[in-house]
Structures are given as structure tokens and as C-alpha cells.
Amino acid sequence: FFRSSDGLNTMAIQGTIEEVNWLMNVVKFDVYPGFRGYVLFRISINDMGNYGECAGLHTCGQGEPCADHNNAEEHVVATSGITVFNVDAAVGTQTRCQETDCDTCNKVEGCGWCPGACTQLGQGGKCMIGGASSPLYEACPADITGRRWRECSKPSQDFLSIGLGAGGALLGICLVTFSVMKWAQRRHGSIIAYARKKRADLNRTGQRLKILPPETARYTQFFVLTGFCVTG
């Protein structure tokens, strides 16, 4: 392993075709963890002259007799066969959120299932990168059943339970109101008389605490005097 004159990190491998092919199956390109971007691999193959000697022109086939090799052209001296080609690669982040079912996807931190994605491909949903409320990089439409982000099944609306709960609450309010009215009628004659008594009690309490003016207060004169003071 060395740096070439072009400034490229170079790894040289020498061996038979079988050995090189085996090594290509296990060799890996390892970069530092923060690297992201384009990478160029320049591969140069040299057979080191091991492809054999080029024979002269010979003719020998099923439809004709083999020619006399003594009359063939001269053999060509073997030369090294060199091939160079480039491989473009892009180094990205580690693949995330590749689960294929809703429950498994939602259990992975930073992932969520979108039921309405990839429906045209027949997949019926896709695992996406995102948070609790929405995906991070993609849009998540609702599917035909109304399921949205991170919903594996459409929550059924229990109308019976809702109706029973609302009816029970209304019945409780009616019972409390009826009990208060019967109590007020039994103690004070009517609910109106009870309301008047409570208003009088409230006024007396406010006057005793100096919060409300006394009953002999003249409100008209007070407001007129206040108006003169403010405008004057």
C-alpha cells in the first residue's frame, strides 16, 4: 500500500487469477466515520505477460485440413496486457429505517411507518426516518382507510361507549339540578326565593368587608361626581 505520483492511495496486489478474485470478494473500502461524498476507484490490471505467446497464422478446422505450421507466420513475442478503468462511488450514511412492517418500524428509534406511501407499487406503506408527529424528509399521505403517520390500524370509534358516557353525564347533571331545586323549594319555598336570599347574603358580606357600598349609597351622584373629576 503506497501513495502514487498522482497523490492517490494505491494498493498493489500480485497473485494468480484465482487468488485475486478471492481477495476481491473480501476486500473492503474503509474510511473514517465522518467521511461523506464522492470517491474514485482507479483499477489497473496487468497480466505481467502471462497470457501466452501469440502464434502465427494457422488454419485448421472441420471443413479443411490443418495447414503446415512450418509455413505459418512468425510468432509474436508476448507483451504485458494492461487494462485501466475507473469506478465511481458515493459514500453516504448508514442505511436506516428499512423495516418492512408497521409494528417493527415504529419500534425502531427515529423511524416511523407511513401507511399511505408506495401504494402505487403495491407495498402498502413505507418505513421512513422521522419523529413522533411526522417524517423528517418525506411527505406521508393518508391511505384509503384514513390511517396516517405511525398508525398501524385505524382506531375504531366506539359510538356506543361515547353515547353511554354522554348520556350518563347528562343524567347526572339533571339529577343534581333536580335535587338542588327540591332542596331549595323545601327550605325556601322556591329556587327564586333561594337565589334572592343568597344575593342578599352576598351583599351583606361585601358591605361588612368594605367591598360593596352600603344600601344607602347614591350611585347617581357618585357617577356624576366621578365624571366631573375625570373630565375636569
# chains A, B, ... in the order shown; residues from 1 in each chain; ligands from 1
$ residues_around --residues "A:Tyr137" --least-positions-apart "4" --cutoff "9 Å" --atoms "only C-alpha atoms" --output "PyMOL selection string"
chain A and resi 128-130
$ residues_around --residues "A:Ser134" --least-positions-apart "4" --cutoff "12 Å" --atoms "only C-alpha atoms" --output "MDAnalysis selection string"
chainID A and resid 110:114 127:130 138:142 148:151
$ write_last_selection --atoms "C-alpha atoms" --output "tab-separated table (two decimals), in the first residue's frame"
chain	number	residue	atom	x	y	z
A	110	GLY	CA	-36.02	7.57	14.81
A	111	CYS	CA	-38.29	5.64	12.42
A	112	GLY	CA	-41.99	5.58	11.67
A	113	TRP	CA	-44.40	3.81	9.34
A	114	CYS	CA	-46.32	5.73	6.66
A	127	CYS	CA	-40.72	2.87	6.83
A	128	MET	CA	-39.37	6.45	6.98
A	129	ILE	CA	-36.98	8.50	9.08
A	130	GLY	CA	-38.94	10.78	11.38
A	138	GLU	CA	-40.63	12.83	3.13
A	139	ALA	CA	-44.37	13.50	3.00
A	140	CYS	CA	-46.77	10.99	4.50
A	141	PRO	CA	-50.26	10.98	2.93
A	142	ALA	CA	-53.14	9.12	4.50
A	148	ARG	CA	-51.75	8.38	8.94
A	149	TRP	CA	-48.18	8.60	10.28
A	150	ARG	CA	-47.26	5.74	12.66
A	151	GLU	CA	-50.80	4.30	12.59
$ select_by_dssp --residues "stretch 92-198 of chain A" --states "helix (DSSP H, G or I)" --output "PyMOL selection string"
chain A and resi 102-107+119-121+159-188+191-198
$ write_last_selection --atoms "C-alpha atoms" --output "JSON list (two decimals), in the first residue's frame"
[["chain", "number", "residue", "atom", "x", "y", "z"],
["A", 102, "CYS", "CA", -45.55, -1.25, 10.61],
["A", 103, "ASP", "CA", -45.08, -2.63, 14.12],
["A", 104, "THR", "CA", -41.37, -3.36, 13.68],
["A", 105, "CYS", "CA", -40.72, 0.02, 12.05],
["A", 106, "ASN", "CA", -42.41, 2.00, 14.82],
["A", 107, "LYS", "CA", -40.31, 0.22, 17.45],
["A", 119, "THR", "CA", -49.33, 2.29, -2.51],
["A", 120, "GLN", "CA", -48.97, 2.53, -6.29],
["A", 121, "LEU", "CA", -46.20, -0.07, -6.08],
["A", 159, "PHE", "CA", -70.12, 5.12, 19.34],
["A", 160, "LEU", "CA", -71.94, 3.04, 21.95],
["A", 161, "SER", "CA", -69.42, 3.89, 24.67],
["A", 162, "ILE", "CA", -69.40, 7.56, 23.65],
["A", 163, "GLY", "CA", -73.20, 7.68, 23.74],
["A", 164, "LEU", "CA", -73.40, 5.94, 27.11],
["A", 165, "GLY", "CA", -70.79, 8.28, 28.57],
["A", 166, "ALA", "CA", -72.51, 11.43, 27.32],
["A", 167, "GLY", "CA", -75.91, 10.14, 28.42],
["A", 168, "GLY", "CA", -74.60, 9.30, 31.88],
["A", 169, "ALA", "CA", -73.06, 12.75, 32.29],
["A", 170, "LEU", "CA", -76.29, 14.46, 31.20],
["A", 171, "LEU", "CA", -78.33, 12.30, 33.55],
["A", 172, "GLY", "CA", -76.00, 13.16, 36.43],
["A", 173, "ILE", "CA", -76.35, 16.91, 35.75],
["A", 174, "CYS", "CA", -80.14, 16.57, 35.64],
["A", 175, "LEU", "CA", -80.23, 14.67, 38.94],
["A", 176, "VAL", "CA", -78.03, 17.24, 40.68],
["A", 177, "THR", "CA", -80.15, 20.12, 39.34],
["A", 178, "PHE", "CA", -83.37, 18.41, 40.39],
["A", 179, "SER", "CA", -82.02, 17.72, 43.88],
["A", 180, "VAL", "CA", -80.93, 21.34, 44.35],
["A", 181, "MET", "CA", -84.32, 22.63, 43.18],
["A", 182, "LYS", "CA", -86.20, 20.27, 45.53],
["A", 183, "TRP", "CA", -83.97, 21.27, 48.42],
["A", 184, "ALA", "CA", -84.43, 24.99, 47.70],
["A", 185, "GLN", "CA", -88.19, 24.55, 47.41],
["A", 186, "ARG", "CA", -88.36, 22.64, 50.68],
["A", 187, "ARG", "CA", -86.18, 25.13, 52.61],
["A", 188, "HIS", "CA", -87.02, 28.45, 50.93],
["A", 191, "ILE", "CA", -85.45, 28.40, 43.74],
["A", 192, "ILE", "CA", -86.10, 32.11, 43.04],
["A", 193, "ALA", "CA", -86.52, 32.87, 46.74],
["A", 194, "TYR", "CA", -83.32, 30.96, 47.45],
["A", 195, "ALA", "CA", -81.46, 32.99, 44.80],
["A", 196, "ARG", "CA", -82.72, 36.26, 46.30],
["A", 197, "LYS", "CA", -81.61, 35.18, 49.77],
["A", 198, "LYS", "CA", -78.14, 34.27, 48.54]]
$ residues_around --residues "stretch 5-19 of chain A" --least-positions-apart "5" --cutoff "12 Å" --atoms "only C-alpha atoms" --output "ChimeraX atom specification"
/A:24-29,39-48,50-51
$ residues_around --residues "A:Tyr38" --least-positions-apart "4" --cutoff "9 Å" --atoms "only C-alpha atoms" --output "MDAnalysis selection string"
chainID A and resid 88:91
$ atom_distance --atom1 "atom CA of A:Pro213" --atom2 "atom CA of A:Gly189"
29.4 Å
$ closest_residue --among "A:Ala132, A:Ile82, A:Ile211, A:Lys154" --to "A:Glu109" --atoms "only C-alpha atoms"
A:Ala132
$ closest_residue --among "A:Val31, A:Ile144, A:Leu136, A:Cys152" --to "A:Gly116" --atoms "only C-alpha atoms"
A:Ile144
$ atom_distance --atom1 "atom CA of A:Gly49" --atom2 "atom CA of A:Gly81"
6.5 Å
